[in-house]
$ cat protein.csv   # CSV, C-alpha atoms and all ligand atoms
chain,number,residue,atom,x,y,z
T,1,MET,CA,0.0,0.0,0.0
T,2,ALA,CA,3.0,2.3,0.3
T,3,ASN,CA,2.9,5.4,-1.8
T,4,THR,CA,-0.5,4.6,-3.3
T,5,SER,CA,-2.4,7.6,-1.7
T,6,THR,CA,-2.5,10.8,-3.7
T,7,VAL,CA,-1.1,13.7,-1.6
T,8,ALA,CA,-2.1,17.3,-2.2
T,9,ILE,CA,-0.1,20.1,-0.6
T,10,ILE,CA,-2.4,23.1,-0.1
T,11,GLY,CA,-0.7,26.5,0.2
T,12,LEU,CA,2.8,26.8,-1.1
T,13,GLY,CA,4.4,29.1,1.5
T,14,ASN,CA,7.4,28.1,3.7
T,15,ILE,CA,6.0,24.8,5.0
T,16,GLY,CA,4.2,23.8,1.8
T,17,GLN,CA,7.4,24.4,-0.3
T,18,ALA,CA,9.6,22.5,2.3
T,19,VAL,CA,7.3,19.4,2.2
T,20,ALA,CA,7.0,19.6,-1.6
T,21,TYR,CA,10.8,19.8,-2.0
T,22,ASN,CA,11.3,16.9,0.3
T,23,LEU,CA,8.7,14.7,-1.5
T,24,SER,CA,10.4,15.6,-4.8
T,25,GLN,CA,13.7,14.3,-3.4
T,26,SER,CA,12.1,10.9,-2.7
T,27,ASP,CA,10.2,10.8,-6.0
T,28,ARG,CA,6.8,10.6,-4.4
T,29,PRO,CA,4.2,12.1,-6.7
T,30,PHE,CA,2.2,14.9,-5.2
T,31,ILE,CA,-0.2,17.7,-6.2
T,32,ALA,CA,1.1,21.2,-5.5
T,33,ALA,CA,-1.8,23.6,-5.1
T,34,ASP,CA,-2.0,27.3,-4.3
T,35,ARG,CA,-4.6,29.9,-4.7
T,36,ASN,CA,-2.1,31.5,-7.1
T,37,VAL,CA,-2.0,28.8,-9.8
T,38,GLU,CA,0.7,30.5,-11.7
T,39,LYS,CA,3.0,30.3,-8.6
T,40,ALA,CA,2.1,26.6,-8.3
T,41,LYS,CA,3.1,25.9,-11.9
T,42,GLN,CA,6.4,27.7,-11.6
T,43,LEU,CA,7.3,25.8,-8.4
T,44,ALA,CA,6.1,22.5,-9.8
T,45,ALA,CA,8.4,23.0,-12.8
T,46,ARG,CA,11.3,23.4,-10.3
T,47,TRP,CA,10.4,20.3,-8.4
T,48,GLY,CA,10.2,18.2,-11.5
T,49,THR,CA,8.3,15.0,-12.4
T,50,PRO,CA,6.8,14.2,-9.0
T,51,ALA,CA,5.0,17.5,-8.8
T,52,GLN,CA,1.7,18.3,-10.5
T,53,ALA,CA,0.5,21.9,-10.2
T,54,SER,CA,-3.1,22.5,-9.5
T,55,ASP,CA,-5.8,24.9,-8.3
T,56,ILE,CA,-7.1,24.2,-4.8
T,57,PRO,CA,-10.6,22.8,-5.6
T,58,SER,CA,-9.2,20.2,-8.1
T,59,ALA,CA,-6.4,19.2,-5.7
T,60,VAL,CA,-8.8,18.6,-2.8
T,61,LYS,CA,-11.1,16.6,-5.1
T,62,LYS,CA,-8.3,14.3,-6.4
T,63,ALA,CA,-6.3,13.8,-3.2
T,64,ASN,CA,-6.7,11.1,-0.5
T,65,ILE,CA,-4.3,13.0,1.8
T,66,VAL,CA,-4.6,16.8,2.1
T,67,VAL,CA,-1.7,18.7,3.7
T,68,LEU,CA,-3.2,22.0,5.1
T,69,SER,CA,0.0,24.1,4.9
T,70,ILE,CA,-2.0,27.3,5.4
T,71,PRO,CA,-2.2,29.6,8.5
T,72,PHE,CA,-4.0,28.2,11.6
T,73,GLY,CA,-6.6,31.0,11.4
T,74,ALA,CA,-7.5,29.9,7.8
T,75,ILE,CA,-8.0,26.2,8.5
T,76,ALA,CA,-11.5,26.1,10.0
T,77,GLY,CA,-12.8,28.2,7.1
T,78,PHE,CA,-11.0,26.0,4.6
T,79,ILE,CA,-12.5,22.8,6.1
T,80,LYS,CA,-16.0,24.4,6.0
T,81,LYS,CA,-15.6,25.6,2.4
T,82,TYR,CA,-14.4,22.2,1.1
T,83,ALA,CA,-16.4,20.1,3.6
T,84,GLU,CA,-18.0,18.0,0.9
T,85,ALA,CA,-14.9,17.3,-1.1
T,86,LEU,CA,-12.9,16.5,2.1
T,87,GLN,CA,-15.3,13.8,3.3
T,88,GLY,CA,-13.5,10.5,4.0
T,89,LYS,CA,-10.0,12.0,3.4
T,90,ILE,CA,-7.0,12.2,5.6
T,91,MET,CA,-6.0,15.8,6.6
T,92,ILE,CA,-2.5,16.6,7.7
T,93,ASP,CA,-2.4,19.7,10.0
T,94,PRO,CA,1.0,21.3,10.5
T,95,SER,CA,-0.4,24.5,12.0
T,96,ASN,CA,0.9,26.3,15.0
T,97,PRO,CA,-1.6,28.7,16.7
T,98,ILE,CA,0.7,31.6,17.1
T,99,ALA,CA,1.1,35.3,16.1
T,100,PRO,CA,3.9,37.8,16.5
T,101,ASP,CA,4.0,39.5,19.9
T,102,GLU,CA,5.1,43.0,20.8
T,103,ASN,CA,8.7,41.8,21.7
T,104,GLY,CA,9.6,40.4,18.4
T,105,GLY,CA,8.7,36.9,19.5
T,106,PHE,CA,5.5,34.8,19.2
T,107,ARG,CA,2.4,34.3,21.4
T,108,LYS,CA,-0.2,31.7,21.4
T,109,VAL,CA,-3.5,32.8,19.9
T,110,ILE,CA,-5.7,30.1,21.6
T,111,GLY,CA,-6.0,29.1,25.3
T,112,GLU,CA,-2.9,28.1,27.1
T,113,LYS,CA,-4.1,24.5,27.4
T,114,GLU,CA,-5.7,24.3,24.0
T,115,SER,CA,-4.1,22.8,20.8
T,116,ALA,CA,-4.7,23.6,17.2
T,117,GLY,CA,-4.9,19.9,16.5
T,118,GLU,CA,-7.9,19.4,18.7
T,119,LEU,CA,-9.6,22.6,17.7
T,120,ASN,CA,-9.2,21.8,13.9
T,121,ALA,CA,-10.4,18.3,14.5
T,122,ALA,CA,-13.7,19.7,15.9
T,123,SER,CA,-14.6,21.1,12.5
T,124,LEU,CA,-13.9,17.9,10.5
T,125,PRO,CA,-16.4,16.9,7.8
T,126,LYS,CA,-18.0,13.4,7.8
T,127,ASP,CA,-15.6,10.5,8.0
T,128,ALA,CA,-12.5,12.7,7.5
T,129,ARG,CA,-9.5,11.9,9.7
T,130,LEU,CA,-6.9,14.4,10.9
T,131,ALA,CA,-3.3,13.9,11.9
T,132,LYS,CA,-1.3,16.6,13.5
T,133,ALA,CA,2.0,16.3,11.6
T,134,LEU,CA,4.7,18.1,9.6
T,135,GLY,CA,4.7,21.1,11.9
T,136,THR,CA,7.1,20.0,14.7
T,137,LEU,CA,10.1,21.7,13.0
T,138,GLY,CA,10.7,25.1,11.6
T,139,ALA,CA,10.7,25.3,7.7
T,140,ALA,CA,14.5,25.6,7.7
T,141,SER,CA,15.0,22.3,9.6
T,142,LEU,CA,12.2,20.6,7.7
T,143,THR,CA,14.4,20.8,4.6
T,144,GLY,CA,17.9,21.1,6.2
T,145,ALA,CA,17.5,18.1,8.5
T,146,ALA,CA,15.7,15.8,6.0
T,147,PHE,CA,17.2,12.5,4.7
T,148,GLN,CA,20.0,12.5,7.3
T,149,LYS,CA,22.5,9.6,7.0
T,150,PRO,CA,23.2,7.2,8.6
T,151,THR,CA,20.5,8.1,11.1
T,152,LYS,CA,17.3,10.0,10.2
T,153,GLU,CA,15.8,12.8,12.4
T,154,VAL,CA,12.3,12.4,13.7
T,155,LEU,CA,8.9,14.1,12.9
T,156,PHE,CA,6.3,13.5,15.6
T,157,TYR,CA,2.7,13.1,14.8
T,158,ALA,CA,-0.6,12.6,16.7
T,159,THR,CA,-4.0,11.2,15.6
T,160,ASP,CA,-7.1,9.7,17.1
T,161,ASP,CA,-7.4,7.1,14.3
T,162,ASN,CA,-5.0,4.1,14.3
T,163,ASN,CA,-6.2,3.2,10.7
T,164,ILE,CA,-4.3,6.2,9.3
T,165,ASN,CA,-1.0,5.6,11.0
T,166,GLN,CA,0.5,3.8,8.1
T,167,SER,CA,-0.4,6.5,5.6
T,168,VAL,CA,0.8,9.3,7.8
T,169,GLU,CA,4.0,7.4,8.6
T,170,GLN,CA,4.7,6.7,4.9
T,171,LEU,CA,4.2,10.4,4.1
T,172,ILE,CA,6.7,11.4,6.9
T,173,LYS,CA,9.2,8.8,5.6
T,174,ASP,CA,8.8,10.2,2.1
T,175,THR,CA,9.5,13.7,3.6
T,176,GLY,CA,12.9,12.4,4.8
T,177,PHE,CA,12.2,11.7,8.5
T,178,ASP,CA,11.5,8.9,10.9
T,179,PRO,CA,7.8,9.0,12.1
T,180,VAL,CA,7.0,8.9,15.8
T,181,ARG,CA,3.4,8.9,17.1
T,182,VAL,CA,3.0,10.7,20.4
T,183,GLY,CA,-0.5,9.5,20.8
T,184,ALA,CA,-4.0,10.8,20.1
T,185,LEU,CA,-4.9,14.4,19.2
T,186,ASN,CA,-5.1,15.3,22.8
T,187,GLN,CA,-1.3,15.1,22.7
T,188,SER,CA,-1.1,17.7,19.9
T,189,ILE,CA,-0.1,20.4,22.3
T,190,ARG,CA,3.2,18.6,22.9
T,191,ILE,CA,4.2,18.9,19.2
T,192,GLU,CA,3.0,22.4,18.6
T,193,VAL,CA,5.1,25.5,19.2
T,194,PHE,CA,6.0,25.9,22.9
T,195,GLY,CA,5.3,22.1,23.4
T,196,ASP,CA,7.9,19.8,25.0
T,197,LEU,CA,8.4,18.0,21.7
T,198,HIS,CA,8.6,21.0,19.4
T,199,GLU,CA,11.8,22.5,17.9
T,200,PHE,CA,10.5,25.9,19.1
T,201,GLY,CA,9.6,24.6,22.6
T,202,ALA,CA,11.4,22.6,25.3
T,203,LEU,CA,12.9,20.2,22.7
T,204,GLY,CA,14.8,23.0,21.0
T,205,LYS,CA,16.4,20.9,18.3
T,206,THR,CA,15.9,18.0,15.9
T,207,VAL,CA,16.2,14.5,17.5
T,208,THR,CA,16.8,10.9,16.3
T,209,LEU,CA,14.5,8.0,17.0
T,210,SER,CA,16.3,6.9,20.2
T,211,GLU,CA,16.4,10.4,21.6
T,212,ALA,CA,12.7,10.9,20.7
T,213,LYS,CA,11.7,7.7,22.5
T,214,GLU,CA,13.6,8.8,25.6
T,215,LYS,CA,11.9,12.3,25.6
T,216,ILE,CA,8.5,10.7,25.2
T,217,SER,CA,8.9,8.2,28.0
T,218,GLY,CA,10.6,10.7,30.2
T,219,LYS,CA,7.6,13.0,30.1
T,220,THR,CA,5.2,10.0,30.5
T,221,LYS,CA,7.1,9.0,33.7
T,222,ALA,CA,7.0,12.6,35.0
T,223,ILE,CA,3.2,12.6,34.5
T,224,LEU,CA,2.8,9.2,36.2
C,1,LIG,N1,7.1,28.6,8.9
C,1,LIG,C1,7.4,27.6,9.8
C,1,LIG,O1,8.6,27.5,10.1
C,1,LIG,C2,6.3,26.7,10.3
C,1,LIG,C3,6.8,25.6,11.1
C,1,LIG,C4,5.8,24.7,11.5
C,1,LIG,C5,4.5,24.9,11.2
C,1,LIG,N2,4.1,26.0,10.5
C,1,LIG,C6,2.7,26.1,10.1
C,1,LIG,O2,2.5,25.8,8.7
C,1,LIG,C7,1.4,26.5,8.2
C,1,LIG,C8,1.9,27.3,7.0
C,1,LIG,O3,3.0,28.2,7.5
C,1,LIG,P1,3.9,28.9,6.5
C,1,LIG,O4,5.1,29.5,7.3
C,1,LIG,O5,4.2,28.1,5.3
C,1,LIG,O6,3.0,30.2,6.0
C,1,LIG,P2,3.2,31.1,4.7
C,1,LIG,O7,4.6,31.0,4.3
C,1,LIG,O8,2.6,32.4,5.1
C,1,LIG,O9,2.3,30.3,3.7
C,1,LIG,C9,0.9,30.2,3.9
C,1,LIG,C10,0.3,29.7,2.6
C,1,LIG,O10,-1.1,29.5,2.8
C,1,LIG,C11,-1.9,30.2,1.8
C,1,LIG,N3,-3.2,30.6,2.3
C,1,LIG,C12,-3.4,31.6,3.3
C,1,LIG,N4,-4.7,31.6,3.6
C,1,LIG,C13,-5.3,30.7,2.7
C,1,LIG,C14,-6.6,30.3,2.5
C,1,LIG,N5,-7.7,30.8,3.2
C,1,LIG,N6,-6.9,29.4,1.5
C,1,LIG,C15,-5.9,28.9,0.8
C,1,LIG,N7,-4.6,29.2,1.0
C,1,LIG,C16,-4.3,30.1,1.9
C,1,LIG,C17,-1.0,31.4,1.4
C,1,LIG,O11,-1.4,31.9,0.2
C,1,LIG,P3,-1.1,33.5,-0.2
C,1,LIG,O12,0.3,33.6,-0.5
C,1,LIG,O13,-2.0,33.7,-1.3
C,1,LIG,O14,-1.6,34.3,1.0
C,1,LIG,C18,0.4,30.7,1.4
C,1,LIG,O15,0.6,30.0,0.2
C,1,LIG,C19,0.9,27.4,9.4
C,1,LIG,O16,-0.2,26.9,9.9
C,1,LIG,C20,2.1,27.5,10.3
C,1,LIG,O17,1.7,27.7,11.6
C,1,LIG,C21,5.0,26.9,10.0

$ encode --input "protein.csv" --output "structure tokens"
Amino acid sequence: MANTSTVAIIGLGNIGQAVAYNLSQSDRPFIAADRNVEKAKQLAARWGTPAQASDIPSAVKKANIVVLSIPFGAIAGFIKKYAEALQGKIMIDPSNPIAPDENGGFRKVIGEKESAGELNAASLPKDARLAKALGTLGAASLTGAAFQKPTKEVLFYATDDNNINQSVEQLIKDTGFDPVRVGALNQSIRIEVFGDLHEFGALGKTVTLSEAKEKISGKTKAIL
């Protein structure tokens, strides 16, 4: 079943371009969609054969896996707008619920204990499944730390649905990383900005599989 799902990357900004570039490096075909179709065509030409440029409505229709590489604040509206076409699909949510603060840093735009993953899951259309993934590193690390040898770095993910683990993990592998599931969506907060497993949180860096497992079990022990 590996690589049989059609992936569409929606929004070709920093994260969308990083994911697309990485998929092009592993020759996994993908749809590159942006509301500026001309931009999608130019970028797809750069990424070569694996990339197929598209407008957003066609991409959502054709894909089985939809990567929502758009701002957190746009996701609920996007899900509502494409609710019918998104039914039964896997949505990948890399969003971080942050905005610039007055000190040149970032602040969370939702409640301290809330996560974007859980909030976005609340607006899912029928039978759609959501995984919080591809957002645990900054865009620079997402390309710079991909396909490391001999040991790959990790991308964490969270989902409520065990049936999509394989698809999400294959996507992460094709993006050049080792996948590690942290648990259900109620663990999303750990892998969003400021979380203990985010590059811009307590983790502070990329990690390998053995380091990742240590971090996860360390926290679990602390909670117990
Ligand atoms: N940048 C990072 O290092 C980083 C790291 C981890 C996670 N993330 C998350 O990844 C997501 C994307 O971030 P980014 O840095 O790639 O942002 P970005 O560079 O600003 O790109 C956002 C993309 O989304 C598009 N977009 C905005 N609103 C849209 C809408 N309503 N419908 C369709 N497309 C829309 C934009 O199109 P236009 O150009 O037409 O506005 C643009 O192509 C965010 O949720 C962010 O929190 C970012």

$ closest_atom_pairs --input "protein.csv" --of "chain T" --to "ligand LIG 1 (chain C)" --cutoff "7 Å" --atoms "only C-alpha atoms and all ligand atoms" --output "CSV"
residue,atom,partner,partner_atom,distance
T:Ile10,CA,C:LIG1,N7,6.6
T:Gly11,CA,C:LIG1,O15,3.7
T:Leu12,CA,C:LIG1,O15,4.1
T:Gly13,CA,C:LIG1,O9,3.3
T:Asn14,CA,C:LIG1,O5,3.6
T:Ile15,CA,C:LIG1,O5,3.8
T:Gly16,CA,C:LIG1,O5,5.5
T:Asp34,CA,C:LIG1,O15,5.9
T:Arg35,CA,C:LIG1,O13,5.7
T:Asn36,CA,C:LIG1,O13,6.2
T:Ser69,CA,C:LIG1,C8,4.3
T:Ile70,CA,C:LIG1,O10,3.5
T:Pro71,CA,C:LIG1,O16,3.6
T:Phe72,CA,C:LIG1,O16,4.4
T:Ala74,CA,C:LIG1,N5,4.7
T:Gly77,CA,C:LIG1,N5,6.9
T:Phe78,CA,C:LIG1,N5,6.0
T:Pro94,CA,C:LIG1,C5,5.1
T:Ser95,CA,C:LIG1,O16,3.2
T:Asn96,CA,C:LIG1,O17,3.8
T:Pro97,CA,C:LIG1,O17,6.2
T:Ile98,CA,C:LIG1,O17,6.8
T:Leu134,CA,C:LIG1,C4,7.0
T:Gly135,CA,C:LIG1,C4,3.8
T:Thr136,CA,C:LIG1,C4,5.8
T:Leu137,CA,C:LIG1,C3,5.5
T:Gly138,CA,C:LIG1,O1,3.5
T:Ala139,CA,C:LIG1,O1,3.9
T:Ala140,CA,C:LIG1,O1,6.6

$ residues_around --input "protein.csv" --residues "T:Val67" --least-positions-apart "3" --cutoff "6 Å" --atoms "all atoms listed in the file" --output "list of chain:residue names"
T:Ile9, T:Ile10, T:Met91, T:Ile92

$ write_last_selection --input "protein.csv" --atoms "C-alpha atoms" --output "mmCIF file, in the coordinates of the input"
data_model
loop_
_atom_site.group_PDB
_atom_site.id
_atom_site.type_symbol
_atom_site.label_atom_id
_atom_site.label_comp_id
_atom_site.auth_asym_id
_atom_site.auth_seq_id
_atom_site.Cartn_x
_atom_site.Cartn_y
_atom_site.Cartn_z
ATOM 1 C CA ILE T 9 -0.100 20.100 -0.600
ATOM 2 C CA ILE T 10 -2.400 23.100 -0.100
ATOM 3 C CA MET T 91 -6.000 15.800 6.600
ATOM 4 C CA ILE T 92 -2.500 16.600 7.700
#

$ closest_residue --input "protein.csv" --among "T:Gln170, T:Thr151, T:Asn186, T:Ser141" --to "T:His198" --atoms "only C-alpha atoms"
T:Ser141

$ residues_around --input "protein.csv" --residues "T:Thr175" --least-positions-apart "3" --cutoff "12 Å" --atoms "all atoms listed in the file" --output "number ranges by chain"
T: 3, 7, 15-30, 133-134, 141-148, 152-155, 168-172, 178-179

$ axis_aligned_box --input "protein.csv" --around "stretch 151-157 of chain T" --padding-each-side "3 Å" --output "lines of an AutoDock Vina configuration file"
center_x = 11.6
center_y = 11.1
center_z = 12.9
size_x = 23.8
size_y = 12.0
size_z = 11.4

$ closest_residue --input "protein.csv" --among "T:Ala121, T:Ala128, T:Ile164, T:Ala40" --to "T:Ala83" --atoms "only C-alpha atoms"
T:Ala128

$ atom_distance --input "protein.csv" --atom1 "atom CA of T:Ala53" --atom2 "atom CA of T:Ala32"
4.8 Å

$ residues_around --input "protein.csv" --residues "stretch 105-120 of chain T" --least-positions-apart "4" --cutoff "9 Å" --atoms "all atoms listed in the file" --output "ChimeraX atom specification"
/T:72,75-76,79,93-101,124,130-132,158-159,185-190,192-194

$ closest_residue --input "protein.csv" --among "T:Ile191, T:Val37, T:Ile216, T:Ile65" --to "T:Gly88" --atoms "only C-alpha atoms"
T:Ile65

$ closest_residue --input "protein.csv" --among "T:Arg129, T:Lys62, T:Arg46, T:Lys173" --to "T:Ala8" --atoms "all atoms listed in the file"
T:Lys62

$ residues_around --input "protein.csv" --residues "T:Val60" --least-positions-apart "5" --cutoff "8 Å" --atoms "all atoms listed in the file" --output "ChimeraX atom specification"
/T:8,66,82,85-86

$ atom_distance --input "protein.csv" --atom1 "atom CA of T:Phe156" --atom2 "atom CA of T:Ala184"
11.6 Å

$ atom_distance --input "protein.csv" --atom1 "atom CA of T:Ser5" --atom2 "atom CA of T:Arg181"
19.7 Å

$ closest_residue --input "protein.csv" --among "T:Ser167, T:Ser123, T:Thr6, T:Asn162" --to "T:Lys81" --atoms "all atoms listed in the file"
T:Ser123

$ closest_residue --input "protein.csv" --among "T:Lys126, T:Leu68, T:Pro50, T:Thr208" --to "T:Asp174" --atoms "all atoms listed in the file"
T:Pro50

$ decode --input "protein.csv" --residues "stretch 109-125 of chain T" --atoms "C-alpha atoms" --output "short mmCIF file (atom, residue, chain, number, x, y, z; two decimals), in the first residue's frame"
data_model
loop_
_atom_site.label_atom_id
_atom_site.label_comp_id
_atom_site.auth_asym_id
_atom_site.auth_seq_id
_atom_site.Cartn_x
_atom_site.Cartn_y
_atom_site.Cartn_z
CA VAL T 109 -3.53 32.82 19.93
CA ILE T 110 -5.65 30.14 21.63
CA GLY T 111 -6.02 29.13 25.27
CA GLU T 112 -2.87 28.06 27.12
CA LYS T 113 -4.10 24.47 27.40
CA GLU T 114 -5.73 24.30 23.97
CA SER T 115 -4.14 22.82 20.85
CA ALA T 116 -4.66 23.63 17.18
CA GLY T 117 -4.94 19.91 16.46
CA GLU T 118 -7.94 19.41 18.74
CA LEU T 119 -9.63 22.64 17.65
CA ASN T 120 -9.22 21.82 13.95
CA ALA T 121 -10.45 18.26 14.50
CA ALA T 122 -13.66 19.71 15.91
CA SER T 123 -14.57 21.10 12.47
CA LEU T 124 -13.89 17.92 10.47
CA PRO T 125 -16.37 16.85 7.80
#
